[in-house]
$ cat input-v5.txt   # compact mmCIF, C-alpha atoms and all ligand atoms
# COMPACT_ATOMS: atom_id res chain seq x y z
CA MET Z 3 0.00 0.00 0.00
CA PRO Z 4 2.56 2.64 0.92
CA GLU Z 5 5.02 4.11 -1.51
CA PRO Z 6 8.31 5.17 0.03
CA ALA Z 7 8.71 8.93 0.33
CA LYS Z 8 11.74 9.13 -1.89
CA ALA Z 9 13.78 6.50 -3.62
CA THR Z 10 17.32 7.03 -2.47
CA ASP Z 11 20.28 4.76 -3.08
CA ASP Z 12 20.86 4.13 0.60
CA VAL Z 13 17.43 2.53 1.12
CA ARG Z 14 17.30 -1.25 0.74
CA LYS Z 15 14.10 -2.56 -0.82
CA GLU Z 16 12.97 -6.07 -1.60
CA SER Z 17 12.19 -6.44 -5.31
CA SER Z 18 8.55 -7.04 -4.35
CA MET Z 19 8.48 -3.57 -2.76
CA LEU Z 20 9.59 -2.03 -6.04
CA LYS Z 21 6.99 -4.05 -7.92
CA GLN Z 22 4.12 -2.99 -5.67
CA LYS Z 23 5.27 0.63 -5.83
CA ALA Z 24 5.15 0.47 -9.63
CA MET Z 25 1.64 -1.07 -9.53
CA ILE Z 26 0.24 1.59 -7.22
CA THR Z 27 1.86 4.42 -9.17
CA ALA Z 28 0.34 2.96 -12.34
CA ASN Z 29 -3.12 3.16 -10.76
CA HIS Z 30 -2.60 6.83 -9.92
CA GLN Z 31 -1.56 7.43 -13.52
CA ARG Z 32 -4.62 5.53 -14.76
CA LEU Z 33 -6.73 7.85 -12.63
CA GLY Z 34 -4.99 10.86 -14.14
CA ARG Z 35 -5.79 9.58 -17.67
CA ALA Z 36 -9.32 8.33 -16.90
CA ARG Z 37 -11.15 11.30 -18.38
CA GLU Z 38 -9.21 11.42 -21.64
CA GLU Z 39 -9.69 7.66 -22.00
CA GLY Z 40 -13.41 8.03 -21.33
CA ARG Z 41 -13.31 5.74 -18.30
CA LYS Z 42 -15.58 6.10 -15.29
CA VAL Z 43 -14.14 6.59 -11.82
CA VAL Z 44 -15.41 5.10 -8.58
CA SER Z 45 -14.12 6.24 -5.19
CA THR Z 46 -14.34 3.58 -2.53
CA PHE Z 47 -12.74 2.60 0.78
CA ILE Z 48 -10.16 -0.10 1.40
CA PRO Z 49 -12.11 -2.15 3.98
CA GLY Z 50 -14.98 -3.84 2.22
CA ASN Z 51 -13.82 -2.80 -1.24
CA LEU Z 52 -15.57 -4.72 -4.01
CA ASN Z 53 -12.69 -4.61 -6.44
CA GLU Z 54 -13.65 -7.80 -8.27
CA LEU Z 55 -17.13 -6.40 -8.91
CA LEU Z 56 -15.88 -2.96 -9.95
CA MET Z 57 -13.51 -4.46 -12.51
CA CYS Z 58 -16.50 -6.09 -14.23
CA PHE Z 59 -17.54 -2.58 -15.27
CA ASP Z 60 -14.11 -1.35 -16.47
CA VAL Z 61 -14.11 1.52 -13.98
CA VAL Z 62 -10.97 2.97 -12.39
CA SER Z 63 -10.85 2.86 -8.60
CA ASN Z 64 -9.81 5.77 -6.47
CA LEU Z 65 -9.06 4.98 -2.81
CA PRO Z 66 -9.05 8.10 -0.61
CA GLU Z 67 -7.29 6.36 2.32
CA ALA Z 68 -4.47 5.22 0.03
CA ASN Z 69 -4.08 8.80 -1.23
CA ALA Z 70 -3.98 10.13 2.33
CA LEU Z 71 -1.34 7.68 3.48
CA ALA Z 72 0.77 8.18 0.35
CA ASN Z 73 0.63 11.92 0.98
CA GLY Z 74 1.63 11.17 4.58
CA MET Z 75 4.71 9.27 3.43
CA ARG Z 76 5.60 12.14 1.13
CA ARG Z 77 5.31 14.55 4.08
CA ARG Z 78 2.55 16.52 2.33
CA SER Z 79 -0.27 15.59 4.69
CA GLY Z 80 0.62 18.10 7.45
CA ASP Z 81 -0.13 21.07 5.18
CA LEU Z 82 -3.25 19.40 3.80
CA ILE Z 83 -4.58 18.74 7.31
CA ARG Z 84 -3.97 22.33 8.35
CA GLU Z 85 -5.82 23.48 5.22
CA ALA Z 86 -8.83 21.33 6.19
CA GLU Z 87 -8.69 22.71 9.74
CA ARG Z 88 -8.66 26.28 8.40
CA PHE Z 89 -11.76 25.27 6.47
CA GLY Z 90 -13.46 24.34 9.75
CA HIS Z 91 -12.67 20.67 10.50
CA SER Z 92 -11.87 20.02 14.12
CA GLU Z 93 -8.62 18.64 15.51
CA ASP Z 94 -10.40 15.46 16.58
CA VAL Z 95 -11.54 14.48 13.10
CA CYS Z 96 -9.84 11.45 11.52
CA THR Z 97 -6.69 12.75 9.86
CA TYR Z 98 -7.22 10.63 6.73
CA VAL Z 99 -10.42 12.60 6.19
CA LYS Z 100 -8.70 15.95 6.70
CA ALA Z 101 -5.76 15.02 4.45
CA ASP Z 102 -8.27 14.07 1.74
CA ILE Z 103 -10.37 17.22 2.14
CA GLY Z 104 -7.18 19.34 2.23
CA MET Z 105 -6.04 17.68 -1.00
CA PHE Z 106 -9.33 18.63 -2.64
CA LEU Z 107 -9.07 22.21 -1.38
CA GLU Z 108 -5.52 22.46 -2.72
CA GLY Z 109 -6.48 21.54 -6.28
CA ASN Z 110 -6.96 17.76 -5.92
CA LEU Z 111 -3.52 16.72 -7.08
CA GLY Z 112 -2.95 13.07 -6.17
CA PRO Z 113 0.17 11.76 -4.45
CA THR Z 114 2.04 11.36 -7.72
CA GLY Z 115 1.10 14.85 -8.93
CA GLU Z 116 -1.70 13.87 -11.34
CA ALA Z 117 -4.94 15.81 -11.07
CA LEU Z 118 -7.53 13.41 -9.69
CA PRO Z 119 -10.80 13.28 -11.62
CA THR Z 120 -14.18 13.97 -10.07
CA PRO Z 121 -15.60 10.55 -9.26
CA ASP Z 122 -18.69 9.31 -11.11
CA LEU Z 123 -19.72 7.33 -8.06
CA LEU Z 124 -18.88 7.28 -4.36
CA LEU Z 125 -19.31 3.67 -3.32
CA LEU Z 126 -19.29 3.25 0.42
CA SER Z 127 -19.06 -0.26 1.81
CA TYR Z 128 -19.97 0.40 5.39
CA THR Z 129 -17.82 -2.03 7.35
CA GLY Z 130 -17.70 -0.84 10.92
CA CYS Z 131 -16.33 2.71 10.75
CA PHE Z 132 -18.92 5.45 11.23
CA THR Z 133 -16.40 8.01 9.95
CA PHE Z 134 -16.63 6.40 6.49
CA MET Z 135 -20.21 7.58 6.26
CA LYS Z 136 -19.42 11.13 7.38
CA TRP Z 137 -16.40 11.27 5.06
CA PHE Z 138 -18.47 10.36 2.01
CA GLU Z 139 -21.21 12.79 3.01
CA LEU Z 140 -18.56 15.52 2.81
CA LEU Z 141 -17.25 14.22 -0.52
CA ARG Z 142 -20.78 14.03 -1.89
CA ASP Z 143 -21.20 17.74 -1.19
CA MET Z 144 -17.79 18.59 -2.63
CA TYR Z 145 -18.06 16.55 -5.82
CA ALA Z 146 -21.86 16.70 -6.23
CA CYS Z 147 -21.81 13.14 -7.54
CA GLU Z 148 -23.90 10.03 -7.06
CA THR Z 149 -23.39 8.05 -3.85
CA LYS Z 150 -24.26 4.46 -2.97
CA MET Z 151 -23.90 2.78 0.37
CA LEU Z 152 -23.59 -0.96 0.84
CA HIS Z 153 -24.73 -1.45 4.40
CA VAL Z 154 -22.86 -4.31 6.06
CA PRO Z 155 -24.20 -5.21 9.52
CA TYR Z 156 -21.63 -5.05 12.32
CA LEU Z 157 -20.80 -8.42 13.86
CA GLY Z 158 -22.09 -7.46 17.30
CA ASP Z 159 -22.82 -11.11 18.14
CA GLY Z 160 -19.80 -12.39 16.25
CA ILE Z 161 -21.79 -14.36 13.71
CA VAL Z 162 -23.10 -13.95 10.19
CA THR Z 163 -26.64 -15.28 9.95
CA PRO Z 164 -28.17 -16.35 6.60
CA SER Z 165 -30.50 -13.35 6.69
CA MET Z 166 -27.58 -10.95 7.22
CA ARG Z 167 -25.80 -12.43 4.21
CA GLU Z 168 -28.98 -12.30 2.14
CA TYR Z 169 -29.47 -8.65 3.15
CA VAL Z 170 -26.03 -7.70 1.76
CA VAL Z 171 -26.36 -9.85 -1.38
CA ARG Z 172 -29.71 -8.24 -2.13
CA GLN Z 173 -28.16 -4.77 -1.96
CA ILE Z 174 -25.39 -5.87 -4.35
CA LYS Z 175 -27.91 -7.37 -6.78
CA GLU Z 176 -30.64 -4.78 -6.61
CA GLU Z 177 -28.71 -1.59 -5.94
CA LEU Z 178 -25.03 -1.76 -6.80
CA ILE Z 179 -25.01 -3.81 -10.00
CA PRO Z 180 -27.78 -1.79 -11.72
CA THR Z 181 -26.09 1.48 -10.67
CA LEU Z 182 -22.70 0.36 -11.97
CA GLU Z 183 -24.28 -0.86 -15.23
CA ARG Z 184 -25.99 2.49 -15.73
CA ILE Z 185 -22.93 4.60 -14.91
CA SER Z 186 -20.43 2.55 -16.92
CA GLY Z 187 -22.66 1.42 -19.77
CA VAL Z 188 -21.21 -2.10 -19.32
CA LYS Z 189 -23.52 -5.08 -18.77
CA PHE Z 190 -22.76 -7.21 -15.73
CA ASP Z 191 -21.26 -10.61 -16.54
CA ILE Z 192 -21.11 -13.01 -13.61
CA ASP Z 193 -18.51 -15.18 -15.32
CA ARG Z 194 -16.18 -12.22 -15.43
CA LEU Z 195 -16.73 -11.78 -11.70
CA ARG Z 196 -15.96 -15.46 -11.11
CA GLU Z 197 -12.71 -15.11 -13.06
CA HIS Z 198 -11.58 -12.18 -10.91
CA MET Z 199 -12.46 -14.15 -7.79
CA ARG Z 200 -10.32 -17.05 -8.92
CA GLU Z 201 -7.40 -14.65 -9.17
CA SER Z 202 -8.22 -13.17 -5.74
CA ALA Z 203 -8.21 -16.58 -4.09
CA LYS Z 204 -4.78 -17.43 -5.53
CA ALA Z 205 -3.29 -14.15 -4.33
CA GLU Z 206 -4.93 -14.55 -0.90
CA GLU Z 207 -3.38 -17.99 -0.55
CA ASP Z 208 0.13 -16.66 -1.18
CA LEU Z 209 -0.37 -13.60 1.01
CA VAL Z 210 -1.41 -15.82 3.92
CA TRP Z 211 1.64 -18.04 3.38
CA VAL Z 212 3.89 -14.96 3.50
CA LEU Z 213 2.27 -13.57 6.66
CA GLN Z 214 2.42 -16.96 8.38
CA SER Z 215 6.11 -17.34 7.54
CA ALA Z 216 6.59 -15.09 10.60
CA ARG Z 217 5.90 -18.16 12.75
CA ASN Z 218 9.48 -19.17 12.03
CA GLN Z 219 12.36 -18.14 14.25
CA PRO Z 220 13.87 -15.90 13.07
CA SER Z 221 10.94 -14.50 11.18
CA PRO Z 222 11.90 -13.83 7.55
CA ILE Z 223 9.51 -10.85 7.42
CA ASP Z 224 8.38 -7.94 9.52
CA ALA Z 225 4.62 -8.43 9.47
CA PHE Z 226 3.84 -4.78 10.22
CA PHE Z 227 6.46 -2.50 8.67
CA GLY Z 228 7.09 -4.93 5.81
CA GLY Z 229 3.51 -6.20 6.00
CA VAL Z 230 2.00 -2.87 5.00
CA TYR Z 231 3.87 -3.12 1.71
CA TYR Z 232 2.72 -6.71 1.21
CA ILE Z 233 -0.95 -5.87 1.57
CA GLY Z 234 -0.72 -2.96 -0.91
CA PRO Z 235 -1.92 -4.66 -4.10
CA ILE Z 236 -4.53 -6.89 -2.45
CA PHE Z 237 -6.11 -4.09 -0.41
CA THR Z 238 -6.32 -1.65 -3.31
CA ALA Z 239 -7.13 -1.70 -7.01
CA PHE Z 240 -5.42 -5.01 -7.80
CA ARG Z 241 -7.18 -7.79 -5.92
CA GLY Z 242 -8.60 -10.09 -8.55
CA THR Z 243 -6.08 -9.24 -11.29
CA PRO Z 244 -3.45 -11.61 -12.76
CA GLU Z 245 -0.94 -8.87 -11.94
CA ALA Z 246 -1.69 -9.24 -8.22
CA THR Z 247 -1.51 -13.02 -8.50
CA ASP Z 248 1.98 -12.70 -10.03
CA TYR Z 249 3.04 -10.20 -7.41
CA TYR Z 250 2.09 -12.53 -4.54
CA ALA Z 251 3.69 -15.56 -6.18
CA ALA Z 252 6.94 -13.56 -6.56
CA LEU Z 253 6.72 -12.25 -3.01
CA ARG Z 254 6.21 -15.76 -1.68
CA HIS Z 255 9.22 -16.99 -3.60
CA GLU Z 256 11.34 -14.15 -2.20
CA VAL Z 257 10.27 -14.96 1.36
CA GLU Z 258 10.73 -18.72 0.85
CA GLU Z 259 14.35 -18.04 -0.05
CA ARG Z 260 14.91 -15.89 3.02
CA GLN Z 261 13.27 -18.48 5.22
CA ALA Z 262 15.36 -21.33 3.77
CA ALA Z 263 18.50 -19.30 4.39
CA GLY Z 264 17.44 -18.64 8.01
CA MET Z 265 17.43 -14.90 7.38
CA GLY Z 266 15.40 -12.20 9.13
CA PRO Z 267 13.52 -9.32 7.48
CA ILE Z 268 15.06 -6.72 5.19
CA THR Z 269 14.91 -3.25 6.71
CA PRO Z 270 15.57 0.03 4.87
CA GLU Z 271 19.17 -0.30 6.11
CA GLY Z 272 19.67 -3.87 4.99
CA ASP Z 273 19.29 -7.26 6.65
CA MET Z 274 18.05 -7.10 10.19
CA GLY Z 275 20.49 -8.28 12.82
CA GLU Z 276 19.69 -10.66 15.65
CA GLU Z 277 15.99 -11.11 16.42
CA ARG Z 278 15.63 -10.16 20.09
CA TYR Z 279 11.94 -9.39 20.52
CA ARG Z 280 8.93 -10.83 18.72
CA LEU Z 281 5.90 -8.57 18.91
CA VAL Z 282 2.25 -8.53 17.93
CA VAL Z 283 1.18 -4.97 17.05
CA ASP Z 284 -2.30 -3.45 17.01
CA GLY Z 285 -3.05 -0.15 15.27
CA PRO Z 286 -1.77 1.61 12.16
CA PRO Z 287 1.74 2.91 11.45
CA ALA Z 288 2.70 6.59 11.64
CA TRP Z 289 3.01 7.17 7.89
CA THR Z 290 4.67 10.58 8.13
CA HIS Z 291 7.62 9.08 10.04
CA PHE Z 292 7.47 5.56 8.70
CA ARG Z 293 11.20 4.87 8.41
CA GLU Z 294 12.12 6.61 11.66
CA PHE Z 295 9.40 4.65 13.44
CA TRP Z 296 10.52 1.32 11.96
CA LYS Z 297 14.14 2.07 12.89
CA MET Z 298 13.15 2.37 16.56
CA PHE Z 299 12.17 -1.29 16.36
CA TYR Z 300 14.90 -2.88 14.26
CA ASP Z 301 17.66 -0.98 16.09
CA GLN Z 302 16.54 -2.91 19.18
CA GLY Z 303 16.21 -6.23 17.36
CA ALA Z 304 12.40 -6.06 17.56
CA VAL Z 305 10.45 -7.71 14.77
CA VAL Z 306 6.68 -7.61 14.42
CA VAL Z 307 5.49 -11.15 13.78
CA ALA Z 308 1.79 -10.37 13.40
CA SER Z 309 -0.32 -7.24 13.17
CA THR Z 310 -3.97 -6.38 13.04
CA TYR Z 311 -3.52 -3.46 10.65
CA THR Z 312 -2.63 -5.83 7.84
CA LYS Z 313 -6.17 -7.23 8.25
CA VAL Z 314 -8.18 -4.02 7.87
CA GLY Z 315 -8.80 -4.67 4.19
CA GLY Z 316 -9.65 -8.33 4.75
CA VAL Z 317 -8.91 -11.14 7.19
CA PHE Z 318 -7.66 -14.08 5.14
CA ASP Z 319 -5.57 -16.02 7.65
CA PHE Z 320 -8.48 -17.89 9.24
CA GLY Z 321 -9.56 -19.50 5.99
CA PHE Z 322 -11.73 -17.01 4.10
CA ARG Z 323 -11.09 -16.92 0.36
CA HIS Z 324 -13.15 -15.27 -2.38
CA ASP Z 325 -15.24 -18.07 -3.83
CA PRO Z 326 -15.94 -18.08 -7.59
CA ASP Z 327 -18.73 -20.62 -7.08
CA ASN Z 328 -20.68 -18.28 -4.80
CA PRO Z 329 -19.50 -14.89 -5.98
CA LEU Z 330 -22.06 -12.52 -4.46
CA GLU Z 331 -22.29 -14.38 -1.15
CA SER Z 332 -18.55 -14.40 -1.00
CA LEU Z 333 -18.34 -10.63 -1.55
CA ALA Z 334 -20.75 -10.26 1.37
CA ASP Z 335 -18.66 -12.57 3.58
CA TYR Z 336 -15.51 -10.69 2.70
CA CYS Z 337 -17.13 -7.44 3.90
CA PHE Z 338 -18.45 -9.03 7.10
CA GLY Z 339 -14.99 -10.30 7.99
CA CYS Z 340 -12.96 -7.09 7.63
CA PHE Z 341 -11.16 -6.40 10.91
CA GLY Z 342 -13.02 -3.17 11.67
CA ASN Z 343 -16.35 -4.97 11.41
CA LEU Z 344 -15.44 -7.50 14.11
CA ASN Z 345 -16.55 -7.07 17.71
CA MET Z 346 -14.13 -6.62 20.63
CA GLU Z 347 -14.26 -10.29 21.63
CA GLN Z 348 -13.35 -11.40 18.11
CA ARG Z 349 -10.51 -8.86 17.89
CA THR Z 350 -9.17 -10.02 21.26
CA ASP Z 351 -9.34 -13.67 20.21
CA ILE Z 352 -7.41 -12.89 17.02
CA VAL Z 353 -4.68 -11.08 18.95
CA GLU Z 354 -4.50 -13.91 21.48
CA SER Z 355 -4.13 -16.49 18.71
CA TYR Z 356 -1.33 -14.41 17.15
CA MET Z 357 0.44 -14.20 20.52
CA ASN Z 358 0.38 -17.97 20.81
CA ASP Z 359 0.82 -19.11 17.21
CA TYR Z 360 3.67 -16.70 16.48
CA GLN Z 361 5.35 -17.20 19.89
CA ALA Z 362 5.36 -13.49 20.59
CA ASP Z 363 7.17 -11.93 23.55
CA GLY Z 364 4.72 -9.08 23.86
CA PHE Z 365 1.74 -7.15 22.57
CA LEU Z 366 2.10 -3.50 21.60
CA ILE Z 367 -0.64 -1.03 20.76
CA ASN Z 368 0.05 2.01 18.63
CA SER Z 369 -3.02 4.07 19.41
CA VAL Z 370 -4.32 6.80 17.14
CA LYS Z 371 -6.79 9.04 18.92
CA SER Z 372 -8.40 10.34 15.74
CA CYS Z 373 -9.25 6.81 14.54
CA ASN Z 374 -12.26 5.96 16.68
CA SER Z 375 -12.81 2.73 14.89
CA TYR Z 376 -9.48 1.37 16.05
CA ALA Z 377 -8.98 3.22 19.34
CA ALA Z 378 -12.31 2.28 20.94
CA GLY Z 379 -11.78 -0.65 23.29
CA GLN Z 380 -8.02 -0.88 22.75
CA LEU Z 381 -7.17 -0.63 26.45
CA LEU Z 382 -9.68 -3.34 27.21
CA ILE Z 383 -8.04 -5.60 24.64
CA LEU Z 384 -4.62 -4.77 26.10
CA ARG Z 385 -5.61 -5.81 29.64
CA GLU Z 386 -7.36 -8.93 28.40
CA ILE Z 387 -4.34 -10.05 26.37
CA GLU Z 388 -2.05 -9.48 29.34
CA SER Z 389 -4.24 -11.58 31.54
CA ARG Z 390 -4.82 -14.36 28.99
CA THR Z 391 -1.17 -14.74 27.93
CA GLY Z 392 0.85 -13.43 30.88
CA LYS Z 393 2.97 -11.51 28.37
CA PRO Z 394 3.75 -7.80 28.79
CA ALA Z 395 1.69 -5.30 26.81
CA GLY Z 396 2.78 -1.81 25.84
CA PHE Z 397 1.00 1.34 24.65
CA ILE Z 398 2.31 4.17 22.50
CA GLU Z 399 0.48 6.97 20.70
CA THR Z 400 1.09 8.49 17.28
CA ASP Z 401 -1.10 9.49 14.35
CA LEU Z 402 -1.70 8.15 10.87
CA VAL Z 403 -0.78 11.21 8.83
CA ASP Z 404 -0.63 14.19 11.21
CA PRO Z 405 3.06 14.85 11.90
CA ARG Z 406 2.20 17.00 14.93
CA TYR Z 407 1.45 13.84 16.91
CA PHE Z 408 4.77 12.11 16.32
CA SER Z 409 7.04 12.79 19.28
CA ALA Z 410 10.15 10.75 18.49
CA ALA Z 411 11.88 11.13 21.87
CA ASN Z 412 8.74 10.17 23.75
CA ILE Z 413 8.05 7.11 21.62
CA ARG Z 414 11.67 5.94 21.77
CA THR Z 415 11.70 6.21 25.57
CA ARG Z 416 8.47 4.30 25.87
CA LEU Z 417 9.67 1.57 23.54
CA GLU Z 418 12.95 1.22 25.38
CA SER Z 419 11.15 0.81 28.72
CA TYR Z 420 8.83 -1.68 27.08
CA PHE Z 421 11.72 -3.80 25.79
CA GLU Z 422 13.28 -3.66 29.29
CA MET Z 423 10.00 -4.95 30.67
CA ILE Z 424 10.15 -7.92 28.29
CA ASP Z 425 13.77 -8.58 29.38
CA GLN Z 426 12.73 -8.48 33.01
CA LYS Z 427 9.87 -10.94 32.45
CA ARG Z 428 12.26 -13.26 30.66
CA SER Z 429 14.80 -13.21 33.47
CA VAL Z 430 12.08 -13.89 36.05
CA ALA Z 431 10.81 -16.79 33.92
CA ALA Z 432 14.34 -18.17 33.54
CA ALA Z 433 15.14 -17.91 37.28
S1 LIG Z 501 -11.55 6.64 11.70
FE1 LIG Z 501 -9.96 5.07 11.35
S2 LIG Z 501 -11.00 3.42 10.24
FE2 LIG Z 501 -12.30 5.24 10.11
S3 LIG Z 501 -11.70 6.25 8.22
FE3 LIG Z 501 -10.45 7.17 9.80
S4 LIG Z 501 -8.57 5.95 9.85
FE4 LIG Z 501 -10.09 4.77 8.69

$ encode --input "input-v5.txt" --output "structure tokens"
Amino acid sequence: MPEPAKATDDVRKESSMLKQKAMITANHQRLGRAREEGRKVVSTFIPGNLNELLMCFDVVSNLPEANALANGMRRRSGDLIREAERFGHSEDVCTYVKADIGMFLEGNLGPTGEALPTPDLLLLSYTGCFTFMKWFELLRDMYACETKMLHVPYLGDGIVTPSMREYVVRQIKEELIPTLERISGVKFDIDRLREHMRESAKAEEDLVWVLQSARNQPSPIDAFFGGVYYIGPIFTAFRGTPEATDYYAALRHEVEERQAAGMGPITPEGDMGEERYRLVVDGPPAWTHFREFWKMFYDQGAVVVASTYTKVGGVFDFGFRHDPDNPLESLADYCFGCFGNLNMEQRTDIVESYMNDYQADGFLINSVKSCNSYAAGQLLILREIESRTGKPAGFIETDLVDPRYFSAANIRTRLESYFEMIDQKRSVAAA
């Protein structure tokens, strides 16, 4: 998903990172050319995105969160957020929203400098975050374009009943498909959808293999700082394409080689040294200080072996795959299962299983106050994980794309004390 701020010679990148960067840049360029090529544009969110369905109508996808985080990595988001605040948005509002609104107010140039077209449709898959709805209400006013909401019930009881699934499928059939046919002028072909889903399932299989390679010691990947690159194509405009399938096959091959050689992850400064701490991390990264943040971990020998953020655009590691035999039902199930649509008990169970399956030394939360969807209940999860696993939990605070909330000295001190706490627990256990 992220594109590094600036390609410099002293930054080490896996070849898969370069490949995913090229794919995501190509999508921004496609967006820039959409009008002259007469293609329709749909803006949609990462969680619950219906990429396989959208591709059946030859539309180009614009993903506002991906734009916001890419602008964060390019250090542009601070100015954009301030612009949105001058326009009246409060400090507490999700900073992805403000970075997006600020981008619009500043001429709507996307992260790679192309002017972004006015969308023909705002397609909101409502998967657990109330801010999504408010964000698209603002965009609807700004762009004066058509809006559709796919309402996905929250998994309050932790289960998907047949009537819940039917409710979502009916909206896809009766609302979304006719709207997309009308806007694009392309007739829906279910066999085309099945073909995209076949590709999705292959890519999902390889992605899961890569993420689960972190069960090894040492882990050949960092499942958070490296993981956010790995999820890029599958969480954005590429899930369901042969290009994404190839990307994940190549990524898997790269990681297989590292694993066979007993190597750890590649960091921006080269191979990581000794693996000293294995962590499970909850919450998003601080995109504006991505490399500085990552360095605070690998300098201490800390590797993230599992993360919840790499599940926001779909949880695939408990068996879900897009199913070409039941395409619409499977789209509904994909939406139900996105991390933000899961209740607190389910989120806690997932973290607990990661702590055990990946033999983690600790659980760390990076809390972002402006992301209500993530922050709500985090302390509860933290206490519960401590009590269920007996492993130390830590808590730091940053922001997604607002550089004002990244206090390097404070975070470094907190992390250092947290690693000392893990050391202490280990020596007590060994005594
Ligand atoms: S509140 Fe969180 S989940 Fe919701 S849009 Fe903002 S960053 Fe995304």

$ residues_near_ligand --input "input-v5.txt" --ligand "ligand LIG 501 (chain Z)" --cutoff "9 Å" --atoms "all atoms listed in the file" --output "list in words"
Phe47, Ile48, Pro49, Glu67, Val95, Cys96, Thr97, Tyr98, Val99, Gly130, Cys131, Phe132, Thr133, Phe134, Met135, Trp137, Pro286, Val314, Gly342, Val370, Lys371, Ser372, Cys373, Asn374, Ser375, Tyr376, Ala377 and Leu402 of chain Z

$ write_last_selection --input "input-v5.txt" --atoms "C-alpha atoms" --output "PDB file, in the frame of the given file"
ATOM      1  CA  PHE Z  47     -12.740   2.600   0.780  1.00  0.00           C
ATOM      2  CA  ILE Z  48     -10.160  -0.100   1.400  1.00  0.00           C
ATOM      3  CA  PRO Z  49     -12.110  -2.150   3.980  1.00  0.00           C
ATOM      4  CA  GLU Z  67      -7.290   6.360   2.320  1.00  0.00           C
ATOM      5  CA  VAL Z  95     -11.540  14.480  13.100  1.00  0.00           C
ATOM      6  CA  CYS Z  96      -9.840  11.450  11.520  1.00  0.00           C
ATOM      7  CA  THR Z  97      -6.690  12.750   9.860  1.00  0.00           C
ATOM      8  CA  TYR Z  98      -7.220  10.630   6.730  1.00  0.00           C
ATOM      9  CA  VAL Z  99     -10.420  12.600   6.190  1.00  0.00           C
ATOM     10  CA  GLY Z 130     -17.700  -0.840  10.920  1.00  0.00           C
ATOM     11  CA  CYS Z 131     -16.330   2.710  10.750  1.00  0.00           C
ATOM     12  CA  PHE Z 132     -18.920   5.450  11.230  1.00  0.00           C
ATOM     13  CA  THR Z 133     -16.400   8.010   9.950  1.00  0.00           C
ATOM     14  CA  PHE Z 134     -16.630   6.400   6.490  1.00  0.00           C
ATOM     15  CA  MET Z 135     -20.210   7.580   6.260  1.00  0.00           C
ATOM     16  CA  TRP Z 137     -16.400  11.270   5.060  1.00  0.00           C
ATOM     17  CA  PRO Z 286      -1.770   1.610  12.160  1.00  0.00           C
ATOM     18  CA  VAL Z 314      -8.180  -4.020   7.870  1.00  0.00           C
ATOM     19  CA  GLY Z 342     -13.020  -3.170  11.670  1.00  0.00           C
ATOM     20  CA  VAL Z 370      -4.320   6.800  17.140  1.00  0.00           C
ATOM     21  CA  LYS Z 371      -6.790   9.040  18.920  1.00  0.00           C
ATOM     22  CA  SER Z 372      -8.400  10.340  15.740  1.00  0.00           C
ATOM     23  CA  CYS Z 373      -9.250   6.810  14.540  1.00  0.00           C
ATOM     24  CA  ASN Z 374     -12.260   5.960  16.680  1.00  0.00           C
ATOM     25  CA  SER Z 375     -12.810   2.730  14.890  1.00  0.00           C
ATOM     26  CA  TYR Z 376      -9.480   1.370  16.050  1.00  0.00           C
ATOM     27  CA  ALA Z 377      -8.980   3.220  19.340  1.00  0.00           C
ATOM     28  CA  LEU Z 402      -1.700   8.150  10.870  1.00  0.00           C
TER      29      LEU Z 402
END

$ closest_residue --input "input-v5.txt" --among "Z:Pro222, Z:Gly234, Z:Gly242, Z:Gly275" --to "Z:Leu56" --atoms "only C-alpha atoms"
Z:Gly242

$ residues_around --input "input-v5.txt" --residues "stretch 77-88 of chain Z" --least-positions-apart "3" --cutoff "6 Å" --atoms "all atoms listed in the file" --output "PyMOL selection string"
chain Z and resi 73-74+91+100-101+103-105+290+404

$ atom_distance --input "input-v5.txt" --atom1 "atom CA of Z:Pro244" --atom2 "atom CA of Z:Lys175"
25.5 Å

$ closest_residue --input "input-v5.txt" --among "Z:Ala146, Z:Cys337, Z:Ala70, Z:Ala288" --to "Z:Tyr407" --atoms "all atoms listed in the file"
Z:Ala288
